[in-house]
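Dumped protein.cif below, it's mmCIF, C-alpha atoms and all ligand atoms:
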data_input
#
loop_
_atom_site.label_atom_id
_atom_site.label_comp_id
_atom_site.auth_asym_id
_atom_site.auth_seq_id
_atom_site.Cartn_x
_atom_site.Cartn_y
_atom_site.Cartn_z
CA MET A 21 -16.77 -51.42 -23.29
CA THR A 22 -19.04 -50.64 -26.22
CA LYS A 23 -17.87 -48.38 -29.03
CA ALA A 24 -20.24 -45.67 -27.80
CA GLY A 25 -18.76 -46.06 -24.30
CA VAL A 26 -15.23 -45.56 -25.60
CA VAL A 27 -16.27 -42.45 -27.50
CA PHE A 28 -17.95 -41.17 -24.36
CA VAL A 29 -14.83 -41.69 -22.21
CA VAL A 30 -12.60 -40.08 -24.83
CA LEU A 31 -14.97 -37.13 -24.98
CA ILE A 32 -14.97 -36.70 -21.19
CA VAL A 33 -11.16 -36.91 -21.08
CA ALA A 34 -10.91 -34.38 -23.92
CA ILE A 35 -13.29 -31.99 -22.16
CA THR A 36 -11.45 -32.39 -18.85
CA VAL A 37 -8.06 -31.78 -20.47
CA LYS A 38 -9.39 -28.76 -22.32
CA PHE A 39 -10.98 -27.41 -19.15
CA ARG A 40 -7.79 -27.87 -17.15
CA VAL A 41 -5.72 -26.20 -19.81
CA SER A 42 -8.06 -23.24 -20.05
CA ALA A 43 -8.27 -23.03 -16.24
CA GLU A 44 -4.50 -22.75 -16.20
CA PHE A 45 -4.60 -19.74 -18.48
CA THR A 46 -7.60 -17.91 -17.08
CA GLY A 47 -7.55 -18.72 -13.34
CA PRO A 48 -5.55 -16.81 -10.73
CA PRO A 49 -1.84 -17.65 -10.90
CA GLY A 50 -0.18 -20.10 -8.56
CA THR A 51 2.78 -19.49 -6.28
CA ASP A 52 5.65 -17.63 -7.94
CA ARG A 53 8.19 -20.22 -9.10
CA ASP A 54 11.07 -18.14 -7.80
CA LEU A 55 9.39 -17.15 -4.53
CA GLU A 56 12.38 -18.07 -2.36
CA ALA A 57 14.90 -16.32 -4.61
CA ILE A 58 12.78 -13.17 -4.81
CA PHE A 59 12.15 -13.14 -1.06
CA LYS A 60 15.79 -13.63 -0.14
CA GLY A 61 16.98 -11.17 -2.77
CA ARG A 62 14.61 -8.46 -1.57
CA CYS A 63 15.56 -9.23 2.02
CA ALA A 64 19.26 -8.85 1.24
CA GLU A 65 18.57 -5.64 -0.68
CA TYR A 66 16.55 -4.19 2.18
CA ARG A 67 19.36 -4.99 4.62
CA THR A 68 21.70 -2.70 2.69
CA GLY A 69 19.59 0.22 3.96
CA ARG A 70 19.21 1.68 0.50
CA VAL A 71 15.52 0.73 0.06
CA ASN A 72 14.36 2.86 2.98
CA PRO A 73 17.12 5.24 4.13
CA HIS A 74 15.07 6.23 7.21
CA VAL A 75 15.22 2.77 8.80
CA GLN A 76 18.07 2.33 11.28
CA ALA A 77 21.07 0.59 9.72
CA ALA A 78 21.99 -1.03 13.06
CA GLU A 79 18.56 -2.63 13.24
CA LEU A 80 18.83 -3.97 9.70
CA LYS A 81 22.16 -5.65 10.49
CA THR A 82 20.39 -7.90 13.02
CA LYS A 83 18.07 -9.35 10.37
CA ASN A 84 18.74 -12.91 9.18
CA CYS A 85 17.21 -13.52 5.74
CA THR A 86 17.47 -17.32 6.04
CA LEU A 87 15.57 -17.27 9.32
CA LEU A 88 12.99 -14.82 7.93
CA TRP A 89 12.41 -17.08 4.92
CA GLU A 90 11.87 -20.12 7.19
CA LEU A 91 9.38 -18.28 9.41
CA PHE A 92 7.52 -16.90 6.41
CA TYR A 93 7.38 -20.21 4.54
CA ASN A 94 6.28 -22.21 7.58
CA ALA A 95 3.25 -19.95 8.04
CA PHE A 96 1.53 -21.39 4.96
CA VAL A 97 3.35 -24.47 3.67
CA TYR A 98 1.32 -27.74 3.80
CA ARG A 99 -1.84 -25.82 4.67
CA ASP A 100 -4.95 -25.26 2.61
CA ALA A 101 -4.59 -21.92 0.84
CA CYS A 102 -7.49 -20.32 2.72
CA ASN A 103 -6.75 -22.01 6.04
CA VAL A 104 -4.11 -19.46 7.09
CA THR A 105 -4.75 -16.74 9.67
CA MET A 106 -2.77 -13.76 10.86
CA GLU A 107 -1.72 -15.70 13.99
CA ASP A 108 0.25 -18.02 11.67
CA TYR A 109 2.41 -15.04 10.64
CA LYS A 110 2.97 -13.79 14.19
CA GLU A 111 6.56 -15.06 14.49
CA PHE A 112 7.55 -13.89 11.02
CA VAL A 113 6.12 -10.43 11.61
CA GLU A 114 7.85 -10.09 14.98
CA GLU A 115 11.19 -11.10 13.46
CA ALA A 116 10.84 -8.87 10.37
CA ALA A 117 9.61 -5.82 12.32
CA VAL A 118 11.75 -2.68 12.18
CA GLU A 119 11.12 0.63 13.89
CA ILE A 120 8.83 2.79 11.79
CA PRO A 121 10.52 6.12 10.92
CA ALA A 122 8.95 8.87 13.05
CA ASN A 123 6.64 11.35 11.29
CA ARG A 124 6.83 9.42 8.02
CA ALA A 125 4.17 6.70 8.17
CA VAL A 126 1.47 6.93 5.52
CA TYR A 127 -1.62 4.77 5.90
CA TRP A 128 -4.02 4.41 3.00
CA ASP A 129 -7.25 2.55 2.29
CA GLY A 130 -8.87 1.61 -1.00
CA TRP A 131 -6.92 0.62 -4.13
CA ASP A 132 -7.97 3.83 -5.90
CA VAL A 133 -5.60 5.86 -3.72
CA TYR A 134 -2.70 3.41 -3.65
CA PRO A 135 -0.81 4.90 -6.63
CA VAL A 136 -1.12 8.35 -5.04
CA ALA A 137 0.26 7.09 -1.72
CA ARG A 138 3.15 5.46 -3.63
CA SER A 139 3.95 8.67 -5.52
CA TYR A 140 3.77 10.65 -2.31
CA ALA A 141 6.11 8.21 -0.55
CA ASN A 142 8.64 8.81 -3.34
CA GLU A 143 10.43 5.47 -2.91
CA ALA A 144 10.44 5.90 0.91
CA ARG A 145 12.43 9.14 0.56
CA ARG A 146 9.52 11.37 1.60
CA ALA A 147 7.31 8.93 3.51
CA SER A 148 6.91 5.25 4.34
CA THR A 149 3.91 3.17 3.43
CA LEU A 150 3.82 -0.41 4.75
CA GLU A 151 5.24 -1.55 1.40
CA PHE A 152 8.46 0.26 2.29
CA MET A 153 8.86 -1.34 5.70
CA MET A 154 10.97 -4.49 5.63
CA MET A 155 8.20 -7.11 5.71
CA GLY A 156 5.99 -5.23 3.24
CA TYR A 157 8.88 -4.72 0.83
CA MET A 158 9.75 -8.42 0.80
CA ILE A 159 6.19 -9.63 0.18
CA ASN A 160 4.60 -6.87 -1.90
CA GLY A 161 3.12 -8.17 -5.16
CA LEU A 162 4.12 -11.81 -4.62
CA VAL A 163 1.73 -14.73 -5.12
CA PHE A 164 2.04 -17.67 -2.74
CA CYS A 165 -0.17 -20.35 -1.25
CA GLY A 166 0.10 -23.82 0.20
CA GLN A 167 -1.67 -27.14 -0.18
CA THR A 168 -1.93 -30.12 2.16
CA GLU A 169 -0.45 -32.48 -0.49
CA ASP A 170 3.23 -32.57 -1.48
CA PRO A 171 5.18 -30.40 -2.10
CA GLY A 172 3.12 -28.28 0.31
CA ILE A 173 3.14 -25.32 -2.08
CA ASN A 174 0.65 -24.83 -4.90
CA TYR A 175 2.39 -23.62 -8.06
CA GLU A 176 -0.69 -24.05 -10.25
CA VAL A 177 -3.41 -21.93 -8.71
CA CYS A 178 -3.88 -19.74 -5.63
CA PRO A 179 -7.15 -18.21 -4.36
CA GLY A 180 -8.13 -15.00 -6.12
CA THR A 181 -8.98 -11.70 -4.42
CA ASP A 182 -11.74 -12.13 -1.83
CA GLU A 183 -11.94 -15.89 -2.43
CA CYS A 184 -11.02 -16.63 1.18
CA ASP A 185 -12.81 -14.87 4.07
CA PHE A 186 -11.68 -11.35 5.03
CA ALA A 187 -8.06 -11.32 6.21
CA LYS A 188 -7.80 -15.11 5.72
CA GLY A 189 -5.62 -17.09 3.37
CA SER A 190 -1.87 -17.08 2.80
CA VAL A 191 -1.63 -13.59 1.24
CA ASP A 192 -4.37 -11.65 3.04
CA ALA A 193 -3.54 -13.09 6.48
CA PHE A 194 0.02 -11.82 6.01
CA TRP A 195 -1.18 -8.29 5.17
CA ALA A 196 -3.52 -8.35 8.17
CA ALA A 197 -0.66 -9.29 10.51
CA ALA A 198 1.61 -6.71 8.85
CA SER A 199 -1.08 -4.04 9.20
CA ILE A 200 -1.33 -4.67 12.95
CA TYR A 201 2.43 -4.12 13.18
CA PHE A 202 2.21 -0.96 11.06
CA GLY A 203 -0.76 0.41 13.01
CA SER A 204 0.56 -0.26 16.49
CA ASN A 205 4.05 1.09 15.76
CA GLY A 206 3.26 4.27 13.85
CA ASN A 207 4.70 7.25 15.70
CA GLY A 208 4.77 11.02 15.58
CA ASN A 209 2.79 12.86 12.94
CA VAL A 210 1.35 10.22 10.60
CA LYS A 211 -0.89 10.50 7.54
CA PHE A 212 -3.97 8.68 6.31
CA MET A 213 -4.81 9.00 2.61
CA VAL A 214 -8.10 8.21 0.91
CA ASN A 215 -9.75 8.95 -2.41
CA SER A 216 -12.71 11.32 -2.00
CA ASN A 217 -14.58 9.29 -4.64
CA ARG A 218 -14.00 5.88 -3.12
CA PRO A 219 -17.14 3.84 -3.84
CA GLY A 220 -19.05 3.38 -0.57
CA GLY A 221 -17.48 6.38 1.19
CA ALA A 222 -13.95 7.61 1.87
CA PHE A 223 -13.70 5.92 5.26
CA GLN A 224 -15.14 2.45 5.69
CA LEU A 225 -15.34 0.11 8.65
CA GLU A 226 -16.31 -3.05 6.79
CA ASN A 227 -13.56 -5.24 5.32
CA SER A 228 -11.01 -2.48 5.73
CA TYR A 229 -7.45 -3.32 6.68
CA PHE A 230 -6.95 0.28 7.77
CA ALA A 231 -10.02 0.38 10.05
CA GLU A 232 -9.69 -3.16 11.35
CA PHE A 233 -5.95 -3.55 11.86
CA GLU A 234 -4.20 -0.18 11.68
CA LEU A 235 -6.57 2.34 13.22
CA LYS A 236 -7.70 -0.08 15.95
CA ASN A 237 -4.11 -0.64 17.01
CA MET A 238 -2.79 2.93 16.85
CA ASN A 239 -1.17 3.96 20.10
CA SER A 240 -2.05 7.43 21.40
CA SER A 241 1.22 7.54 23.38
CA LYS A 242 3.10 7.21 20.10
CA VAL A 243 0.99 9.00 17.50
CA SER A 244 0.97 12.76 18.06
CA ARG A 245 -1.42 13.49 15.19
CA VAL A 246 -3.08 11.86 12.18
CA ASP A 247 -3.34 14.06 9.11
CA ILE A 248 -6.37 12.89 7.16
CA TYR A 249 -5.64 13.63 3.49
CA ILE A 250 -8.68 13.45 1.22
CA VAL A 251 -7.50 13.27 -2.36
CA THR A 252 -9.51 13.94 -5.51
CA LEU A 253 -7.89 12.77 -8.74
CA ILE A 254 -7.40 15.37 -11.48
CA GLY A 255 -10.43 15.53 -13.76
CA GLU A 256 -12.85 14.21 -11.11
CA GLU A 257 -15.38 16.15 -9.07
CA PRO A 258 -14.67 16.04 -5.32
CA GLY A 259 -16.70 13.36 -3.54
CA ASP A 260 -16.40 13.06 0.23
CA ASN A 261 -14.70 15.88 2.12
CA CYS A 262 -13.65 16.59 5.70
CA ASP A 263 -17.28 17.23 6.71
CA SER A 264 -18.75 14.08 5.14
CA GLN A 265 -20.36 11.48 7.34
CA SER A 266 -17.75 8.79 6.67
CA ILE A 267 -14.94 11.14 7.71
CA LYS A 268 -16.92 12.22 10.77
CA THR A 269 -17.01 8.55 11.74
CA LEU A 270 -13.24 8.34 11.34
CA LYS A 271 -12.76 11.49 13.43
CA SER A 272 -14.90 10.06 16.23
CA LYS A 273 -12.92 6.78 16.15
CA LEU A 274 -9.70 8.77 16.53
CA THR A 275 -11.17 10.85 19.35
CA GLU A 276 -12.31 7.65 21.10
CA ARG A 277 -8.72 6.42 20.96
CA GLY A 278 -7.39 9.75 22.26
CA ILE A 279 -5.58 10.55 19.03
CA ASN A 280 -5.35 14.10 17.60
CA TYR A 281 -6.11 14.71 13.96
CA ARG A 282 -6.24 17.33 11.27
CA CYS A 283 -8.24 16.89 8.08
CA VAL A 284 -7.23 18.42 4.74
CA ASP A 285 -9.22 18.34 1.51
CA GLN A 286 -6.96 18.08 -1.54
CA PRO A 287 -3.70 18.96 0.27
CA ASP A 288 -1.29 21.04 -1.86
CA GLU A 289 1.61 18.67 -1.32
CA VAL A 290 -0.41 15.86 -2.94
CA LEU A 291 -2.15 18.01 -5.56
CA HIS A 292 1.18 19.25 -6.87
CA ILE A 293 2.37 15.67 -7.34
CA LEU A 294 -0.83 14.79 -9.24
CA CYS A 295 -0.31 17.89 -11.37
CA ALA A 296 3.07 16.67 -12.59
CA ASP A 297 1.06 14.28 -14.79
CA ASN A 298 -1.67 16.82 -15.67
CA PRO A 299 0.07 20.21 -15.85
CA THR A 300 -2.31 21.89 -18.31
CA THR A 301 -5.64 21.12 -16.61
CA ASP A 302 -7.64 23.86 -14.85
CA ALA A 303 -7.16 22.19 -11.46
CA CYS A 304 -3.42 22.61 -11.98
CA ALA A 305 -3.47 26.25 -13.14
CA PHE A 306 -2.33 27.60 -9.79
CA SER A 307 -3.27 31.27 -9.32
CA SER A 308 0.13 31.88 -7.77
CA SER A 309 2.03 30.58 -10.82
CA ALA A 310 1.27 33.80 -12.75
CA VAL A 311 3.43 35.83 -10.39
CA ARG A 312 6.08 33.15 -10.02
CA LEU A 313 8.52 34.89 -12.34
CA HIS A 314 12.24 35.03 -12.23
CA PRO A 315 13.39 38.26 -10.47
CA SER A 316 14.89 39.63 -13.69
CA ASN A 317 11.50 39.13 -15.41
CA LYS A 318 9.82 41.05 -12.62
CA ILE A 319 12.13 43.98 -13.21
CA GLN A 320 11.28 43.87 -16.91
CA LEU A 321 7.57 43.81 -16.07
CA ALA A 322 7.96 46.78 -13.73
CA ALA A 323 9.75 48.68 -16.51
CA LEU A 324 7.02 48.07 -19.10
CA PRO A 325 4.95 51.24 -18.38
CA PHE A 326 8.06 53.38 -18.78
CA ILE A 327 9.02 51.63 -22.00
CA TYR A 328 5.51 52.18 -23.36
CA ALA A 329 5.54 55.81 -22.24
CA ALA A 330 8.85 56.38 -23.95
CA MET A 331 7.60 54.71 -27.15
CA PHE A 332 4.44 56.83 -27.08
CA LYS A 333 6.48 59.99 -26.66
CA SER A 334 8.81 59.10 -29.51
CA PHE A 335 5.75 58.57 -31.78
CA GLN A 336 4.46 61.98 -30.86
CA VAL A 337 7.54 63.88 -31.99
C1 LIG B 401 20.37 -17.38 10.39
O1 LIG B 401 19.29 -18.27 10.55
C2 LIG B 401 19.58 -19.58 10.14
C3 LIG B 401 18.29 -20.38 10.14
O2 LIG B 401 17.63 -20.28 11.37
C4 LIG B 401 20.64 -20.17 11.05
O3 LIG B 401 20.96 -21.50 10.69
C5 LIG B 401 21.88 -19.29 10.99
O4 LIG B 401 22.84 -19.74 11.93
C6 LIG B 401 21.54 -17.83 11.27
N1 LIG B 401 22.71 -17.01 10.99
C7 LIG B 401 23.18 -16.15 11.87
C8 LIG B 401 24.35 -15.36 11.42
O5 LIG B 401 22.69 -16.01 12.98
C1 LIG B 402 -6.67 -25.74 9.19
O1 LIG B 402 -5.36 -25.87 9.70
C2 LIG B 402 -5.30 -26.37 11.00
C3 LIG B 402 -3.84 -26.29 11.48
O2 LIG B 402 -2.98 -26.88 10.57
C4 LIG B 402 -5.86 -27.78 11.03
O3 LIG B 402 -5.82 -28.30 12.33
C5 LIG B 402 -7.30 -27.76 10.52
O4 LIG B 402 -7.79 -29.08 10.41
C6 LIG B 402 -7.37 -27.10 9.15
N1 LIG B 402 -8.75 -26.91 8.76
C7 LIG B 402 -9.20 -27.17 7.54
C8 LIG B 402 -10.65 -26.93 7.30
O5 LIG B 402 -8.48 -27.64 6.68
C1 LIG B 403 1.88 2.41 23.59
O1 LIG B 403 3.13 3.03 23.54
C2 LIG B 403 3.75 3.17 24.80
C3 LIG B 403 4.99 4.05 24.61
O2 LIG B 403 5.84 3.53 23.62
C4 LIG B 403 4.04 1.78 25.35
O3 LIG B 403 4.65 1.88 26.61
C5 LIG B 403 2.74 0.99 25.45
O4 LIG B 403 3.00 -0.33 25.84
C6 LIG B 403 2.02 0.99 24.12
N1 LIG B 403 0.71 0.40 24.26
C7 LIG B 403 0.33 -0.67 23.60
C8 LIG B 403 -1.07 -1.12 23.82
O5 LIG B 403 1.06 -1.28 22.85
#

Since I need it in another form, could you write the structure as structure tokens?
Amino acid sequence: MTKAGVVFVVLIVAITVKFRVSAEFTGPPGTDRDLEAIFKGRCAEYRTGRVNPHVQAAELKTKNCTLLWELFYNAFVYRDACNVTMEDYKEFVEEAAVEIPANRAVYWDGWDVYPVARSYANEARRASTLEFMMMGYMINGLVFCGQTEDPGINYEVCPGTDECDFAKGSVDAFWAAASIYFGSNGNGNVKFMVNSNRPGGAFQLENSYFAEFELKNMNSSKVSRVDIYIVTLIGEEPGDNCDSQSIKTLKSKLTERGINYRCVDQPDEVLHILCADNPTTDACAFSSSAVRLHPSNKIQLAALPFIYAAMFKSFQV
């Protein structure tokens, strides 16, 4: 090799190494190193019944965390990261399924309302989002993907958001399968939360896990009513409301499925939670708070005219 050739090769190697190093720091992360430990730990914790006190303890006792881990892991190990579909998670989802607490399910769509749904759920004490059902709790926030080469798991890089097709790939295919479970098993009076200012409309059919997997699988013999909660964050102008076209579409989908609904713009029970973080804003200056005085204060207020009258009289003499 000529001297120039050697320099060239060294340069290419240097560029490649630099590129790989930078890709490691800027690309999406690979599978969590402690995936198995986290999964099994969360599974064991969930089995205690303390994560979601509304799930039947007897049902939790039947769950085998070793078996669940095997079913979960086998859905994506030794497969290309994007070559995983919801069918691959069928067995895992069936085994991890628990009865959804009646009248407590909260569905949501769009990341802009997710923190609100979480606050409303209040750690599964008030309501249950999918992330507080057993399978959702175990997987929420984890990064995992496979590869066809050994060791079958990719610890370096996993596909980023939307890199695989809709509902495909190790992570998204799981959530699709889990959403079918959550949609088809919701029962009693359930809720659906959206942000009124969601870009593209509050309710969307395209690429929506709620529309595609939850709503489509809701069972009218189980769901007595869906409360549609349209939430506007404090400091924002309301966007869509119960009469907007996108919500009309949702209402007609529910009617088609024979499911009752009620729609509420900015429901008090959600607004008051939002106001805990924004107590001094106009939206949180509730007209009723002015009269919400302690009984003893009310008596003092009622006595004020007499006190003034007495003071006035004493000035006169
Ligand atoms: C749990 O599942 C594992 C793996 O399938 C199995 O070997 C074990 O016997 C099961 N334990 C119980 C208590 O059923
Ligand atoms: C996807 O996975 C299936 C099942 O393992 C396999 O038969 C198929 O060849 C894979 N497709 C691609 C494009 O890798
Ligand atoms: C809907 O729920 C009823 C009552 O639990 C059940 O018998 C029926 O099989 C369910 N339908 C579907 C499509 O799952």

Please report as JSON lines every residue of region 107-220 of chain A lying within 9 Å of region 229-246 of chain A, along with the nearest atom pair and their distance in Å (one decimal), using all atoms listed in the file.
{"residue": "A:Asn123", "atom": "CA", "partner": "A:Val243", "partner_atom": "CA", "distance": 8.7}
{"residue": "A:Tyr127", "atom": "CA", "partner": "A:Phe230", "partner_atom": "CA", "distance": 7.2}
{"residue": "A:Trp128", "atom": "CA", "partner": "A:Phe230", "partner_atom": "CA", "distance": 7.0}
{"residue": "A:Asp129", "atom": "CA", "partner": "A:Phe230", "partner_atom": "CA", "distance": 5.9}
{"residue": "A:Ala187", "atom": "CA", "partner": "A:Tyr229", "partner_atom": "CA", "distance": 8.0}
{"residue": "A:Trp195", "atom": "CA", "partner": "A:Tyr229", "partner_atom": "CA", "distance": 8.1}
{"residue": "A:Ala196", "atom": "CA", "partner": "A:Phe233", "partner_atom": "CA", "distance": 6.5}
{"residue": "A:Ala197", "atom": "CA", "partner": "A:Phe233", "partner_atom": "CA", "distance": 7.9}
{"residue": "A:Ala198", "atom": "CA", "partner": "A:Phe233", "partner_atom": "CA", "distance": 8.7}
{"residue": "A:Ser199", "atom": "CA", "partner": "A:Glu234", "partner_atom": "CA", "distance": 5.5}
{"residue": "A:Ile200", "atom": "CA", "partner": "A:Phe233", "partner_atom": "CA", "distance": 4.9}
{"residue": "A:Tyr201", "atom": "CA", "partner": "A:Glu234", "partner_atom": "CA", "distance": 7.9}
{"residue": "A:Phe202", "atom": "CA", "partner": "A:Glu234", "partner_atom": "CA", "distance": 6.5}
{"residue": "A:Gly203", "atom": "CA", "partner": "A:Glu234", "partner_atom": "CA", "distance": 3.7}
{"residue": "A:Ser204", "atom": "CA", "partner": "A:Met238", "partner_atom": "CA", "distance": 4.6}
{"residue": "A:Asn205", "atom": "CA", "partner": "A:Met238", "partner_atom": "CA", "distance": 7.2}
{"residue": "A:Gly206", "atom": "CA", "partner": "A:Val243", "partner_atom": "CA", "distance": 6.4}
{"residue": "A:Asn207", "atom": "CA", "partner": "A:Val243", "partner_atom": "CA", "distance": 4.5}
{"residue": "A:Gly208", "atom": "CA", "partner": "A:Val243", "partner_atom": "CA", "distance": 4.7}
{"residue": "A:Asn209", "atom": "CA", "partner": "A:Arg245", "partner_atom": "CA", "distance": 4.8}
{"residue": "A:Val210", "atom": "CA", "partner": "A:Val246", "partner_atom": "CA", "distance": 5.0}
{"residue": "A:Lys211", "atom": "CA", "partner": "A:Val246", "partner_atom": "CA", "distance": 5.3}
{"residue": "A:Phe212", "atom": "CA", "partner": "A:Val246", "partner_atom": "CA", "distance": 6.7}

For chain A versus ligand LIG 402 (chain B), which residues have an atom no more than 8 Å away, and what is each residue's nearest atom pair and distance in Å rounded to one decimal, using all atoms listed in the file, chain-then-number order, as CSV?
residue,atom,partner,partner_atom,distance
A:Arg99,CA,B:LIG402,O2,6.1
A:Asp100,CA,B:LIG402,O5,5.9
A:Asn103,CA,B:LIG402,C1,4.9
A:Val104,CA,B:LIG402,O1,7.0

Need the axis-aligned box for ligand LIG 401 (chain B) with 5 Å each side, so what are the centre and edges in Å to one decimal, as JSON?
{"center_x": 21.0, "center_y": -18.4, "center_z": 11.6, "size_x": 16.7, "size_y": 16.1, "size_z": 12.8}

- Message: Between A:Glu119, A:Glu90, A:Asp297, A:Glu276, which residue has the minimum interatomic distance to ligand LIG 403 (chain B), considering only C-alpha atoms and all ligand atoms?
- Response: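 Using only C-alpha atoms and all ligand atoms, the shortest distance to ligand LIG 403 (chain B) belongs to A:Glu119.
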
- Query: With all atoms listed in the file as the atoms that count, which of A:Lys110, A:His74, A:Arg146, A:Lys83 lies nearest to ligand LIG 401 (chain B)?
  - Reply: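 Once distances to ligand LIG 401 (chain B) are computed over all atoms listed in the file, the minimum belongs to A:Lys83.
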
- Selection within 9 Å of ligand LIG 401 (chain B) by all atoms listed in the file, output as a list in words: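 Final answer, ordered by chain and number: Thr82, Lys83, Asn84, Cys85, Thr86, Leu87, Leu88, Trp89, Glu90 and Leu91 of chain A.
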
Write a file of the just-selected residues containing C-alpha atoms, as a tab-separated table (two decimals), in the coordinates of the input.
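What landed in again-v7.tsv:
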chain	number	residue	atom	x	y	z
A	82	THR	CA	20.39	-7.90	13.02
A	83	LYS	CA	18.07	-9.35	10.37
A	84	ASN	CA	18.74	-12.91	9.18
A	85	CYS	CA	17.21	-13.52	5.74
A	86	THR	CA	17.47	-17.32	6.04
A	87	LEU	CA	15.57	-17.27	9.32
A	88	LEU	CA	12.99	-14.82	7.93
A	89	TRP	CA	12.41	-17.08	4.92
A	90	GLU	CA	11.87	-20.12	7.19
A	91	LEU	CA	9.38	-18.28	9.41

- Note on the structure: As a check of understanding: the span from CA of Thr300 (chain A) to CA of Glu256 (chain A) is 14.9 Å

- Hey, can you check how far CA of Phe223 (chain A) sits from CA of Thr269 (chain A)?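 These atoms are spaced 7.7 Å apart.
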
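Among the candidate residues A:Pro121, A:Gly161, A:Asp192, A:Ser272, the one lying nearest to Ala77 (chain A) is A:Pro121, with distances computed using all atoms listed in the file.
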
- Message: Counting all atoms listed in the file, which residues sit no farther than 6 Å from the position (1.3, -23.2, -9.8) in the file's frame? I'd like them as an NGL selection string.
- Response: :A and (50-51 or 174-177)

- Skip Arg62 (chain A) itself and residues of its chain fewer than 4 positions away, then list as a PyMOL selection string all residues within 8 Å of it, counting only C-alpha atoms. chain A and resi 58+66+157-158

- Quick one: everything within 9 Å of region 301-303 of chain A, counting only C-alpha atoms, minus sequence neighbours fewer than 6 positions away in the same chain. Send it as a ChimeraX atom specification. /A:254-255,291,295

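Atom to atom, CA of Ala296 (chain A) and CA of Asn261 (chain A) stand 23.1 Å apart.
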
- Task: Excluding Phe152 (chain A) and any residue of its chain fewer than 5 positions from it, enumerate the residues within 8 Å of it, using all atoms listed in the file, and give them as a list of chain:residue names.
- Result: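 Neighbouring residues, sequence-local ones excluded: A:Val71, A:Asn72, A:Glu143, A:Ala144, A:Tyr157.
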
- Task: Scan for residues within 6 Å of the point (-8.6, 15.8, -6.9) in the coordinates of the file, using all atoms listed in the file, and reply as a ChimeraX atom specification.
- Result: /A:251-254

- Pick from A:Asn94, A:Ser264, A:Arg145, A:Leu162 nearest to Ser216 (chain A), counting all atoms listed in the file: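 Distance minimum relative to Ser216 (chain A) lands on A:Ser264.
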
- Query: With distances taken over only C-alpha atoms, which of A:Asp52, A:Gly61, A:Leu150, A:Phe96 is nearest to Arg138 (chain A)?
  - Reply: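 Residue with the minimum atom-to-atom distance to Arg138 (chain A): A:Leu150.
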
- Spatial neighbours of Ile293 (chain A), 10 Å, only C-alpha atoms, chain gap at least 6 places, as a ChimeraX atom specification: /A:136,139-140,299

- Counting all atoms listed in the file, the option among A:Asp182, A:Gln224, A:Pro258, A:Asn298 closest to Leu270 (chain A):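 When distances to Leu270 (chain A) are compared using all atoms listed in the file, the smallest one comes from A:Gln224.
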